[in-house]
Every structure is written in C-alpha cells, then in structure tokens.
file coords10.cif (mmCIF, C-alpha atoms and all ligand atoms)
data_structure
#
loop_
_atom_site.label_atom_id
_atom_site.label_comp_id
_atom_site.auth_asym_id
_atom_site.auth_seq_id
_atom_site.Cartn_x
_atom_site.Cartn_y
_atom_site.Cartn_z
CA MET A 1 0.00 0.00 0.00
CA ALA A 2 1.46 3.33 -1.07
CA ILE A 3 0.30 6.72 0.18
CA ASP A 4 -0.63 8.62 -2.98
CA LEU A 5 -0.58 12.40 -2.60
CA SER A 6 -1.03 13.18 -6.29
CA LYS A 7 -4.52 14.64 -5.89
CA MET A 8 -4.05 16.71 -2.74
CA PRO A 9 -4.36 20.51 -2.96
CA MET A 10 -1.13 22.38 -2.47
CA ILE A 11 -0.26 25.83 -1.13
CA ASP A 12 3.25 27.15 -1.76
CA ASP A 13 3.77 29.31 1.31
CA HIS A 14 7.01 30.94 0.25
CA CYS A 15 7.95 31.85 -3.29
CA HIS A 16 8.86 34.89 -5.37
CA PRO A 17 7.70 36.38 -8.65
CA PHE A 18 9.21 34.84 -11.77
CA MET A 19 9.57 36.59 -15.10
CA PRO A 20 11.60 36.15 -18.29
CA THR A 21 13.07 39.64 -17.88
CA ARG A 22 14.93 38.36 -14.82
CA GLU A 23 16.05 35.11 -16.42
CA LYS A 24 19.69 36.05 -16.94
CA LYS A 25 21.09 32.53 -16.62
CA THR A 26 20.52 29.51 -18.83
CA PHE A 27 17.69 27.25 -17.63
CA ASP A 28 20.01 24.62 -16.14
CA ASN A 29 21.90 27.28 -14.19
CA CYS A 30 18.68 28.61 -12.67
CA PHE A 31 18.76 25.56 -10.39
CA THR A 32 21.59 26.95 -8.30
CA LEU A 33 21.38 29.33 -5.35
CA SER A 34 24.78 30.96 -5.70
CA LEU A 35 25.19 34.43 -7.19
CA ILE A 36 28.64 33.43 -8.41
CA PRO A 37 28.13 32.66 -12.13
CA PRO A 38 27.55 28.90 -12.37
CA ASP A 39 28.99 26.57 -14.97
CA SER A 40 26.63 24.30 -16.95
CA TYR A 41 29.26 21.56 -16.99
CA HIS A 42 28.89 21.20 -13.23
CA THR A 43 25.22 22.17 -12.90
CA ARG A 44 24.10 19.51 -15.36
CA ASN A 45 25.98 16.94 -13.29
CA THR A 46 24.03 17.57 -10.10
CA LEU A 47 21.32 15.14 -9.01
CA LEU A 48 18.96 18.12 -8.81
CA PHE A 49 19.36 18.76 -12.53
CA LYS A 50 18.90 15.04 -13.24
CA MET A 51 15.58 15.31 -11.37
CA VAL A 52 14.61 18.44 -13.32
CA ARG A 53 15.41 16.62 -16.56
CA LYS A 54 13.37 13.55 -15.68
CA GLU A 55 10.32 15.55 -14.59
CA MET A 56 10.47 17.89 -17.62
CA ILE A 57 10.63 14.91 -19.99
CA ASP A 58 7.59 13.49 -18.26
CA LEU A 59 5.67 16.79 -18.30
CA LEU A 60 6.39 17.73 -21.90
CA GLY A 61 6.28 14.18 -23.30
CA LEU A 62 9.85 14.36 -24.62
CA ASP A 63 12.11 11.51 -25.74
CA PRO A 64 13.88 10.18 -22.61
CA ALA A 65 17.15 10.15 -24.59
CA ILE A 66 16.89 13.86 -25.48
CA SER A 67 20.11 15.84 -24.99
CA ASP A 68 20.26 18.49 -22.28
CA ASP A 69 20.64 21.21 -24.93
CA ALA A 70 17.59 20.00 -26.85
CA LEU A 71 15.54 19.73 -23.66
CA ILE A 72 16.39 23.29 -22.67
CA GLN A 73 15.58 24.51 -26.16
CA ALA A 74 12.21 22.72 -26.11
CA ARG A 75 11.41 24.30 -22.74
CA ASN A 76 12.45 27.78 -23.87
CA GLU A 77 10.35 27.55 -27.03
CA ARG A 78 7.30 26.32 -25.15
CA TYR A 79 7.56 29.11 -22.54
CA ALA A 80 8.18 31.85 -25.11
CA ALA A 81 5.37 30.71 -27.44
CA SER A 82 2.69 31.25 -24.79
CA PRO A 83 3.87 32.11 -21.27
CA LYS A 84 0.36 31.96 -19.82
CA ALA A 85 -0.42 28.56 -21.34
CA TYR A 86 2.92 27.18 -20.15
CA VAL A 87 2.50 28.53 -16.60
CA ASP A 88 -1.09 27.23 -16.53
CA LEU A 89 0.25 23.79 -17.42
CA LEU A 90 2.80 23.94 -14.59
CA LEU A 91 0.27 25.21 -12.02
CA GLN A 92 -2.24 22.57 -13.00
CA ASP A 93 0.33 19.78 -12.91
CA ALA A 94 1.47 21.02 -9.48
CA GLY A 95 -2.12 21.03 -8.20
CA MET A 96 -1.42 24.54 -6.93
CA GLU A 97 -4.22 26.15 -4.94
CA SER A 98 -2.39 29.36 -4.00
CA MET A 99 1.06 30.92 -3.95
CA LEU A 100 2.17 33.14 -1.06
CA VAL A 101 4.58 35.56 -2.66
CA ASP A 102 7.48 37.54 -1.18
CA TYR A 103 7.77 40.48 -3.55
CA GLY A 104 11.07 41.66 -2.07
CA PHE A 105 13.19 39.55 -4.41
CA PRO A 106 16.04 39.86 -5.25
CA VAL A 107 17.82 40.64 -1.97
CA MET A 108 20.12 42.96 -3.91
CA GLY A 109 19.64 44.44 -7.36
CA SER A 110 17.14 46.49 -9.28
CA ARG A 111 13.52 46.82 -8.26
CA LEU A 112 10.78 44.83 -9.89
CA ALA A 113 9.02 47.17 -12.29
CA ALA A 114 5.24 47.57 -12.34
CA GLU A 115 5.12 45.96 -15.81
CA GLU A 116 7.03 42.93 -14.52
CA LEU A 117 4.56 42.47 -11.66
CA ASP A 118 1.60 42.94 -13.98
CA TRP A 119 3.08 40.25 -16.22
CA PHE A 120 3.55 37.90 -13.25
CA HIS A 121 0.01 38.43 -12.00
CA GLU A 122 -1.39 37.91 -15.49
CA VAL A 123 0.36 34.58 -16.11
CA THR A 124 -0.47 33.28 -12.61
CA SER A 125 -4.10 34.43 -12.68
CA ALA A 126 -5.27 30.80 -12.56
CA VAL A 127 -4.47 30.75 -8.83
CA PRO A 128 -4.69 33.39 -6.09
CA THR A 129 -1.33 34.90 -5.18
CA ARG A 130 -1.16 36.33 -1.67
CA ARG A 131 1.19 39.01 -0.45
CA ILE A 132 4.12 38.73 1.96
CA HIS A 133 5.90 41.99 2.77
CA ARG A 134 9.64 42.04 3.35
CA VAL A 135 10.38 44.64 6.01
CA GLU A 136 13.82 45.47 4.59
CA ALA A 137 12.06 46.56 1.38
CA THR A 138 10.63 49.37 3.49
CA PHE A 139 13.65 50.48 5.48
CA HIS A 140 16.54 49.99 3.04
CA PRO A 141 15.50 52.99 0.90
CA MET A 142 15.21 55.02 4.11
CA PHE A 143 18.77 54.07 5.04
CA GLU A 144 19.85 55.22 1.58
CA GLN A 145 18.07 58.55 2.07
CA LYS A 146 19.73 58.88 5.49
CA LEU A 147 16.41 59.79 7.09
CA PRO A 148 16.65 61.07 10.69
CA PHE A 149 15.83 58.35 13.25
CA GLY A 150 12.42 59.70 14.29
CA GLU A 151 11.30 60.07 10.69
CA LEU A 152 12.65 56.65 9.78
CA GLU A 153 10.75 55.05 12.63
CA ASP A 154 7.47 56.83 11.88
CA MET A 155 7.57 56.15 8.14
CA TYR A 156 8.64 52.55 8.65
CA LEU A 157 5.81 51.77 11.05
CA ALA A 158 3.28 53.63 8.91
CA GLU A 159 4.24 51.63 5.84
CA LEU A 160 4.16 48.31 7.69
CA ARG A 161 0.71 49.17 9.04
CA ASP A 162 -0.48 50.21 5.59
CA GLU A 163 0.71 46.90 4.18
CA VAL A 164 -1.60 44.98 6.51
CA GLU A 165 -4.49 47.40 6.69
CA ASN A 166 -4.70 48.36 3.01
CA CYS A 167 -2.51 46.18 0.82
CA GLY A 168 -3.60 42.67 1.70
CA THR A 169 -0.33 41.60 3.35
CA ILE A 170 -0.75 38.26 5.13
CA ALA A 171 2.73 38.07 6.73
CA TYR A 172 5.94 40.02 7.10
CA LYS A 173 9.27 38.61 6.19
CA THR A 174 12.77 39.58 7.25
CA VAL A 175 16.13 38.81 5.72
CA ILE A 176 18.09 40.03 8.74
CA ALA A 177 19.93 36.68 8.60
CA TYR A 178 21.61 37.94 5.41
CA HIS A 179 22.79 41.17 6.97
CA THR A 180 23.63 40.92 10.66
CA GLY A 181 22.37 37.45 11.55
CA LEU A 182 19.64 35.88 13.67
CA GLY A 183 21.32 36.66 17.00
CA ILE A 184 18.77 39.45 17.53
CA ARG A 185 18.92 41.05 20.98
CA PRO A 186 16.33 43.30 22.59
CA ILE A 187 17.43 46.92 22.26
CA GLY A 188 15.88 50.13 23.58
CA ARG A 189 14.86 53.13 21.48
CA ALA A 190 17.56 55.54 22.69
CA GLU A 191 20.33 53.01 22.12
CA ALA A 192 18.97 52.21 18.66
CA ALA A 193 18.82 55.92 17.76
CA ALA A 194 22.45 56.44 18.82
CA SER A 195 23.60 53.35 16.90
CA TYR A 196 21.71 54.55 13.81
CA GLU A 197 23.64 57.85 13.89
CA ARG A 198 26.91 55.91 14.09
CA PHE A 199 25.82 53.63 11.24
CA LEU A 200 24.92 56.57 8.98
CA SER A 201 28.29 58.22 9.54
CA ASN A 202 30.16 54.91 9.13
CA PRO A 203 28.22 52.28 7.15
CA SER A 204 30.91 49.69 7.84
CA ASP A 205 30.28 49.87 11.61
CA ARG A 206 28.79 46.38 11.89
CA ALA A 207 27.86 46.64 15.57
CA ALA A 208 25.90 49.85 14.94
CA GLU A 209 24.24 48.32 11.88
CA LYS A 210 23.23 45.28 13.90
CA ASP A 211 21.61 47.45 16.59
CA ILE A 212 19.42 49.39 14.16
CA ARG A 213 18.45 46.30 12.16
CA ASP A 214 17.61 44.40 15.36
CA TYR A 215 15.52 47.33 16.56
CA LEU A 216 13.52 47.63 13.33
CA VAL A 217 12.87 43.90 13.14
CA LEU A 218 11.72 43.92 16.78
CA GLN A 219 9.28 46.71 15.87
CA ALA A 220 7.91 44.46 13.13
CA PHE A 221 7.53 41.67 15.72
CA GLU A 222 5.34 43.99 17.79
CA LEU A 223 3.07 44.68 14.82
CA CYS A 224 2.90 40.97 14.03
CA MET A 225 1.56 40.35 17.53
CA ASP A 226 -0.89 43.28 17.27
CA TYR A 227 -2.24 42.14 13.90
CA ASP A 228 -1.91 38.41 14.62
CA ILE A 229 0.12 37.81 11.48
CA PRO A 230 3.19 35.55 11.30
CA ILE A 231 6.71 36.60 10.43
CA GLN A 232 8.76 34.58 7.98
CA MET A 233 12.39 34.60 9.13
CA HIS A 234 14.96 33.81 6.48
CA SER A 235 17.07 31.11 8.11
CA GLY A 236 19.76 28.78 6.85
CA ALA A 237 21.14 28.83 3.35
CA GLY A 238 20.85 31.70 0.88
CA ASP A 239 22.75 33.18 -2.01
CA ALA A 240 26.53 32.74 -1.86
CA PRO A 241 28.64 34.74 -1.25
CA MET A 242 26.20 37.26 0.28
CA ILE A 243 25.10 35.21 3.26
CA ASP A 244 27.28 34.03 6.11
CA VAL A 245 25.32 30.84 6.79
CA LYS A 246 26.69 30.39 10.30
CA LEU A 247 24.83 33.58 11.32
CA SER A 248 21.55 32.18 10.01
CA SER A 249 21.04 29.25 12.38
CA PRO A 250 17.65 29.48 14.11
CA LEU A 251 19.40 28.47 17.34
CA LEU A 252 20.74 32.05 17.45
CA MET A 253 17.18 33.27 18.13
CA HIS A 254 17.27 31.85 21.66
CA GLU A 255 17.06 35.21 23.43
CA ILE A 256 13.86 36.13 21.58
CA LEU A 257 12.32 32.65 21.61
CA SER A 258 12.80 32.30 25.35
CA ASP A 259 11.43 35.78 26.19
CA PRO A 260 7.83 35.51 27.46
CA HIS A 261 7.07 38.87 25.80
CA TYR A 262 7.31 37.18 22.38
CA ARG A 263 5.38 34.05 23.28
CA SER A 264 2.47 34.92 20.99
CA LEU A 265 4.74 35.87 18.06
CA LYS A 266 4.23 33.36 15.27
CA ILE A 267 7.69 32.77 13.82
CA ILE A 268 8.08 30.72 10.67
CA PHE A 269 11.67 29.69 10.01
CA ILE A 270 11.78 29.49 6.24
CA HIS A 271 14.03 27.48 3.90
CA THR A 272 13.82 24.63 6.44
CA ALA A 273 16.76 26.49 8.05
CA TYR A 274 18.83 24.21 5.79
CA PRO A 275 21.34 22.83 6.72
CA PHE A 276 20.16 23.33 10.33
CA VAL A 277 17.20 21.05 9.68
CA GLU A 278 17.32 18.93 12.83
CA GLU A 279 17.85 22.01 14.97
CA ALA A 280 14.80 23.66 13.41
CA GLY A 281 12.65 20.56 14.02
CA TYR A 282 13.74 20.64 17.65
CA LEU A 283 12.77 24.32 18.07
CA VAL A 284 9.38 23.69 16.46
CA ASN A 285 8.83 21.02 19.06
CA GLN A 286 9.96 23.21 21.96
CA TYR A 287 8.24 26.53 21.27
CA PRO A 288 4.47 26.65 20.73
CA SER A 289 4.48 29.51 18.21
CA VAL A 290 7.48 28.41 16.10
CA TYR A 291 6.76 26.88 12.68
CA LEU A 292 8.89 25.57 9.84
CA ASP A 293 8.52 26.06 6.09
CA LEU A 294 10.14 23.52 3.79
CA SER A 295 11.11 25.88 0.97
CA SER A 296 14.51 25.79 -0.64
CA MET A 297 15.35 22.42 0.94
CA ILE A 298 12.57 21.38 -1.42
CA PRO A 299 13.55 21.00 -4.21
CA PHE A 300 17.20 22.04 -3.87
CA SER A 301 18.41 19.21 -1.62
CA SER A 302 17.35 16.68 -4.31
CA ILE A 303 17.75 13.15 -2.90
CA GLY A 304 18.17 14.64 0.58
CA VAL A 305 14.50 15.62 0.80
CA ARG A 306 13.16 12.37 2.25
CA PRO A 307 15.84 11.73 4.91
CA LYS A 308 15.58 15.38 5.95
CA LEU A 309 11.80 15.24 6.23
CA ARG A 310 12.30 12.22 8.46
CA GLN A 311 14.70 14.22 10.64
CA ILE A 312 12.24 17.10 10.94
CA PHE A 313 9.37 14.86 11.97
CA GLU A 314 11.50 13.15 14.60
CA MET A 315 10.24 15.95 16.81
CA ALA A 316 8.14 18.47 14.87
CA PRO A 317 4.39 17.88 14.82
CA PHE A 318 2.74 17.69 11.40
CA THR A 319 0.60 20.65 12.47
CA LYS A 320 3.58 23.08 12.38
CA VAL A 321 5.39 22.29 9.14
CA LEU A 322 4.35 23.95 5.87
CA TYR A 323 5.18 23.24 2.26
CA GLY A 324 6.99 25.99 0.33
CA SER A 325 9.36 26.06 -2.64
CA ASP A 326 11.23 29.40 -2.63
CA GLY A 327 10.57 29.45 -6.39
CA PHE A 328 12.21 32.41 -8.12
CA THR A 329 13.15 33.68 -11.58
CA ILE A 330 11.65 30.72 -13.45
CA PRO A 331 8.22 29.10 -12.99
CA GLU A 332 9.62 25.57 -12.82
CA VAL A 333 11.09 25.76 -9.29
CA SER A 334 7.68 25.93 -7.63
CA TRP A 335 6.34 23.27 -10.01
CA LEU A 336 9.27 20.91 -9.37
CA GLY A 337 8.94 21.47 -5.62
CA ALA A 338 5.30 20.38 -5.79
CA ARG A 339 6.21 17.19 -7.66
CA VAL A 340 9.05 16.46 -5.22
CA ILE A 341 7.03 16.96 -2.01
CA ARG A 342 4.15 14.82 -3.29
CA LYS A 343 6.52 11.98 -4.07
CA GLU A 344 8.93 12.22 -1.13
CA LEU A 345 6.38 12.95 1.61
CA GLY A 346 4.23 10.16 0.15
CA LEU A 347 7.13 7.70 0.37
CA LEU A 348 8.02 8.79 3.91
CA LEU A 349 4.43 8.37 5.08
CA THR A 350 4.24 5.00 3.32
CA ASP A 351 7.32 3.91 5.31
CA LEU A 352 5.77 5.15 8.57
CA VAL A 353 2.57 3.17 7.86
CA GLY A 354 4.74 0.13 7.05
CA GLU A 355 6.55 0.59 10.36
CA ARG A 356 3.11 0.68 12.05
CA ILE A 357 3.78 4.05 13.64
CA ILE A 358 0.78 5.65 11.92
CA ASP A 359 -2.15 4.23 10.00
CA GLU A 360 -3.18 5.03 6.47
CA ALA A 361 -5.93 7.48 7.46
CA TYR A 362 -3.52 9.49 9.59
CA ALA A 363 -0.93 9.50 6.80
CA TYR A 364 -3.41 11.38 4.59
CA ASP A 365 -4.37 13.73 7.43
CA ALA A 366 -0.68 14.52 8.06
CA ALA A 367 -0.02 15.15 4.37
CA SER A 368 -3.01 17.44 4.08
CA LEU A 369 -1.76 19.52 7.03
CA VAL A 370 1.69 20.00 5.52
CA LEU A 371 0.56 20.59 1.93
CA SER A 372 -2.18 23.14 2.59
CA GLU A 373 -4.16 23.08 5.86
CA ASN A 374 -1.44 24.52 8.07
CA ALA A 375 -1.05 27.48 5.72
CA ARG A 376 -4.81 28.15 5.77
CA GLY A 377 -4.79 28.02 9.56
CA LEU A 378 -1.72 30.20 10.10
CA TYR A 379 -2.15 33.01 7.58
CA ILE A 380 -5.55 34.18 8.70
CA ARG A 381 -5.57 37.93 8.30
CA ASN A 382 -6.23 39.16 4.74
CA TRP A 383 -6.49 35.59 3.42
CA ASP A 384 -9.40 36.69 1.22
CA LYS A 385 -7.37 39.51 -0.38
CA TYR A 386 -5.48 38.28 -3.41
CA SER A 387 -2.52 40.21 -4.85
CA ASN A 388 -3.34 39.33 -8.43
CA ARG A 389 -7.00 40.28 -8.16
CA TYR A 390 -7.25 42.65 -5.27
CA MET A 391 -4.67 45.26 -6.09
CA SER A 392 -2.85 46.73 -9.03
CA ALA A 393 0.92 46.72 -9.31
CA ASP A 394 0.89 50.51 -9.00
CA ASN A 395 0.24 50.11 -5.29
CA LEU A 396 3.16 47.79 -4.72
CA THR A 397 6.36 49.30 -3.44
CA ILE A 398 9.18 46.92 -4.06
CA SER A 399 12.84 47.28 -3.42
CA ASN A 400 15.90 45.27 -2.52
ZN ZN B 501 12.75 33.28 -0.66
#
call {"tool": "encode", "arguments": {"input": "coords10.cif", "output": "structure tokens", "more": "lines below"}}
Ligand SMILES: [Zn+2]
result
Amino acid sequence: MAIDLSKMPMIDDHCHPFMPTREKKTFDNCFTLSLIPPDSYHTRNTLLFKMVRKEMIDLLGLDPAISDDALIQARNERYAASPKAYVDLLLQDAGMESMLVDYGFPVMGSRLAAEELDWFHEVTSAVPTRRIHRVEATFHPMFEQKLPFGELEDMYLAELRDEVENCGTIAYKTVIAYHTGLGIRPIGRAEAAASYERFLSNPSDRAAEKDIRDYLVLQAFELCMDYDIPIQMHSGAGDAPMIDVKLSSPLLMHEILSDPHYRSLKIIFIHTAYPFVEEAGYLVNQYPSVYLDLSSMIPFSSIGVRPKLRQIFEMAPFTKVLYGSDGFTIPEVSWLGARVIRKELGLLLTDLVGERIIDEAYAYDAASLVLSENARGLYIRNWDKYSNRYMSADNLTISN
C-alpha cells in the first residue's frame, strides 16, 4: 500500500515572482542558489538537474534520450510561445491552490518594475497569489536617504501598518539573517537611535548596523503580535557569497524565543533552516508559536529531501510544518517542488505506515496539514485579499 498524494491541494507558502526579464542565466543554471556565475558543466551533473530533466521529460512528453541542450531549447520555445499557457500547465500539474509571494526579491539588485509584476500576475491568474511583505524593502530605501531616526521610525511603522491594513499583506518577512544574523537582541529606542547615527556616519560599523536592524525587526515583531500575522524569518542557506550561513542558524534566536514577551509571536523559520534542519525541528517542538517552512530544501536538496523530512518529523508535529518552494526567476522551481514533495512525503508516510507508527488514514491527514491546511490556519488575516486580483501593481512598493 502506497500513500498517494497526487490529488491533494497544495499551497506554496514561500515563493517569489518569476519573469523572463529576470532570467539572466541559462535554464540549467537557474537551479543553483549561488550568485557566483555557475557553470553548466557542473550544474548539469548535479542530481537536482537530473531530477529536473526527468520531470520535464515526463511533463512535456519528450524523448527520454533527449540531450540536455535540446531539452532546454524545447522548454524555452514552449515558454516563449505562450507564457500563460505554459504557466497554466505547470500550475495545474502542481495542483497549486495558491502561492504566497514575497515580492522583495532579489535581496540585492534592481527593483521589480510595475510591468514585470503585472506580467507575473497575469500569467499566474489561474491561482490566487497572496502578499508577503519584506520589512527590509521598506527600510533599506530610508537608510539610503539617510532619514533622521524619528522620521525613519514613523515612516517605517506607517508603511508596515499600511501593508496589513490596506494592501492585503498576510505576513511580514525579514532577511536580517543575510545582513547581521539571527542573534537578535532586545534593544531600547535611545540606544537604537544612537547606533543609527553611528551607522549613517560609518556604514561599515557592523555593531551599529546590527543594533538598528535588530531594533527595526523587533518593531515588526510587535506589529505581528498586534495584527496576529506571522513573520517569515529567512534562516539557513541563501545566495553565496552574500550570506554568512553560520549567522543564520535558528538556534541564534534563543534570546527572543525564550522571552515571554514574544510568546504569541508566530515565527516561521523558512528554507527549512537548511542545513540546520534537525535544529529547526527541535525548536518547532519546543516553542508553541514556532513553525517551519520547507522551501529551498525542497527542491534544492534533491535526494536529501526524504531523509531530511524524516529528521524534521523526529520531533516536529505535522501541524507546524508547511510546504513551500522558494521558487524564483523561473516558474519551474515551484512546479518541481510540488512534484518532489508529493513523491517524497508520500514515500516517507508509506514507510511510517509500514513501520506501524501511523495508519493510512492518519498519513493522509498529516499530508493534508503539511501541503495546505497549516497554511490556511496560520495566515488568517487578509487571506481573502489576493494580490493578483485585489490590487494593481501601481500600489506595490518593491525594493531590494
Ligand atoms: Zn525566498
């Protein structure tokens, strides 16, 4: 008896807009996380690319012996001929019910233009896309303008409030892990204001930068608790060489996690905190309002997905783990992630039924929680406000 998850609805709780205008690398090289220019010779010899190849051949009905070059050409032609039809095919194959989109991508680089977002919303109009707001997208431009502290604070909080009250935002996200790490410490207003002055006069003062970033993220935590929305914390791996991965372990959040003041703050460690997967599963077990999203580990850890899911569920309840892909740049990442989770979670649950730890009925309940129910239960506020239907791109303020 195999647990078959092929028909279950799926919510991708963390992904980014994709668009051909941002597709600067060849298709094979889009399946790497590094910002250092990749080399097809190596990329095509990863097990991840072998999985991409196999699933694309299956989806497009190609000859299994097709060369990598011909496969990529076939994909490019299909996408270019009718982007909407191609994306519809991927969304349908993935069984996608909704995508929860962080519009603050890329971490560095030029802003997404209104036309790019309109294009994205048009091609994904078959499913609701819901809005996640990255807090750094609000305060980075204010750093650049060197706004005085009081003004920075007022404008920052006003924009974060506006996001929830008027723009349909369902969650905030922070990439503080990329900048000064997850070792966030509580800091008072006066100390933060003084550190901000030091940071403006010397942008390479890392201690001062950490203080002001910690302070602003803590302000976002307060709003999360007021509005009862979760915060997605970038944790674990990201784009090399920008991120110092050792600063992105969720274990560094101990001071915040253990503070009773933040007990109602719903924290979602995203990207499975990869490679700190076991650690993340442990924290999810220990702290009632800590959750884990599986993006990036799925699909990027290829054959590692199933053993790592097993590690997570050593301790994490099925009620606190959510499927996500971290799809970006190309539409296939989210699609591949959906195929991978259906297969690998199905096989893991089949094993657990075989080991007589759970029964078949519970296996389907557990899968349903991870694939969609947990997302519906956690992102409550603004759930009925869709980005691609509710608002025009003109209202979206996007930056690094
Ligand atoms: Zn992401």
call {"tool": "closest_residue", "arguments": {"input": "coords10.cif", "among": "A:Tyr323, A:Val245, A:Met155, A:Leu147", "to": "Glu197 of chain A", "atoms": "all atoms listed in the file"}}
result
A:Leu147
call {"tool": "residues_near_ligand", "arguments": {"input": "coords10.cif", "ligand": "ligand ZN 501 (chain B)", "cutoff": "9 Å", "atoms": "all atoms listed in the file", "output": "VMD selection string"}}
result
chain A and resid 14 to 16 101 to 102 104 to 106 234 238 270 to 271 295 to 296 325 to 328
call {"tool": "residues_around", "arguments": {"input": "coords10.cif", "residues": "Ile243 of chain A", "least_positions_apart": "6", "cutoff": "12 Å", "atoms": "all atoms listed in the file", "output": "MDAnalysis selection string"}}
result
chainID A and resid 33:35 107:108 175:182 234:237 249
call {"tool": "atom_distance", "arguments": {"input": "coords10.cif", "atom1": "atom CA of Asp365 of chain A", "atom2": "atom CA of Gly337 of chain A"}}
result
20.2 Å
call {"tool": "closest_atom_pairs", "arguments": {"input": "coords10.cif", "of": "segment 266-360 of chain A", "to": "segment 207-226 of chain A", "cutoff": "12 Å", "atoms": "all atoms listed in the file", "output": "tab-separated table"}}
result
residue	atom	partner	partner_atom	distance
A:Lys266	CA	A:Met225	CA	7.8
A:Ile267	CA	A:Phe221	CA	9.1
A:Ile268	CA	A:Cys224	CA	12.0
A:Ser289	CA	A:Met225	CA	11.2
call {"tool": "atom_distance", "arguments": {"input": "coords10.cif", "atom1": "atom CA of Ser258 of chain A", "atom2": "atom CA of Ala366 of chain A"}}
result
28.2 Å
call {"tool": "build_atoms", "arguments": {"input": "coords10.cif", "residues": "segment 251-259 of chain A", "atoms": "all heavy atoms", "output": "short mmCIF file (atom, residue, chain, number, x, y, z; two decimals), in the frame of the given file"}}
result
data_model
loop_
_atom_site.label_atom_id
_atom_site.label_comp_id
_atom_site.auth_asym_id
_atom_site.auth_seq_id
_atom_site.Cartn_x
_atom_site.Cartn_y
_atom_site.Cartn_z
N LEU A 251 19.00 28.58 15.93
CA LEU A 251 19.40 28.47 17.34
C LEU A 251 19.84 29.83 17.90
O LEU A 251 19.76 30.06 19.10
CB LEU A 251 20.54 27.46 17.51
CG LEU A 251 20.20 25.99 17.18
CD1 LEU A 251 21.44 25.13 17.34
CD2 LEU A 251 19.07 25.46 18.06
N LEU A 252 20.29 30.73 17.01
CA LEU A 252 20.74 32.05 17.45
C LEU A 252 19.59 32.91 17.97
O LEU A 252 19.82 33.95 18.58
CB LEU A 252 21.46 32.77 16.30
CG LEU A 252 22.77 32.13 15.82
CD1 LEU A 252 23.28 32.82 14.56
CD2 LEU A 252 23.82 32.20 16.92
N MET A 253 18.36 32.48 17.71
CA MET A 253 17.18 33.27 18.13
C MET A 253 16.80 33.00 19.59
O MET A 253 15.74 33.46 20.05
CB MET A 253 15.98 32.95 17.24
CG MET A 253 16.06 33.49 15.84
SD MET A 253 15.45 35.17 15.64
CE MET A 253 13.71 35.02 16.01
N HIS A 254 17.65 32.30 20.30
CA HIS A 254 17.27 31.85 21.66
C HIS A 254 16.75 32.99 22.54
O HIS A 254 15.75 32.83 23.25
CB HIS A 254 18.44 31.16 22.35
CG HIS A 254 18.13 30.79 23.76
ND1 HIS A 254 17.29 29.73 24.08
CD2 HIS A 254 18.46 31.36 24.94
CE1 HIS A 254 17.15 29.68 25.39
NE2 HIS A 254 17.85 30.65 25.95
N GLU A 255 17.44 34.12 22.51
CA GLU A 255 17.06 35.21 23.43
C GLU A 255 15.62 35.67 23.19
O GLU A 255 14.88 35.96 24.12
CB GLU A 255 18.04 36.39 23.28
CG GLU A 255 17.97 37.35 24.43
CD GLU A 255 19.15 38.29 24.52
OE1 GLU A 255 20.14 38.12 23.76
OE2 GLU A 255 19.09 39.20 25.36
N ILE A 256 15.24 35.73 21.92
CA ILE A 256 13.86 36.13 21.58
C ILE A 256 12.88 34.99 21.88
O ILE A 256 11.83 35.20 22.50
CB ILE A 256 13.77 36.52 20.09
CG1 ILE A 256 14.73 37.67 19.77
CG2 ILE A 256 12.33 36.86 19.69
CD1 ILE A 256 14.46 38.96 20.49
N LEU A 257 13.24 33.79 21.45
CA LEU A 257 12.32 32.65 21.61
C LEU A 257 12.01 32.38 23.09
O LEU A 257 10.90 31.97 23.43
CB LEU A 257 12.92 31.38 20.99
CG LEU A 257 13.15 31.40 19.48
CD1 LEU A 257 13.78 30.09 19.02
CD2 LEU A 257 11.84 31.63 18.73
N SER A 258 13.00 32.63 23.93
CA SER A 258 12.80 32.30 25.35
C SER A 258 12.18 33.46 26.14
O SER A 258 11.89 33.31 27.32
CB SER A 258 14.14 31.90 25.98
OG SER A 258 15.05 32.98 25.88
N ASP A 259 11.98 34.60 25.50
CA ASP A 259 11.43 35.78 26.19
C ASP A 259 9.90 35.69 26.20
O ASP A 259 9.27 35.66 25.14
CB ASP A 259 11.89 37.04 25.42
CG ASP A 259 11.47 38.33 26.12
OD1 ASP A 259 10.53 38.28 26.94
OD2 ASP A 259 12.08 39.36 25.84
#
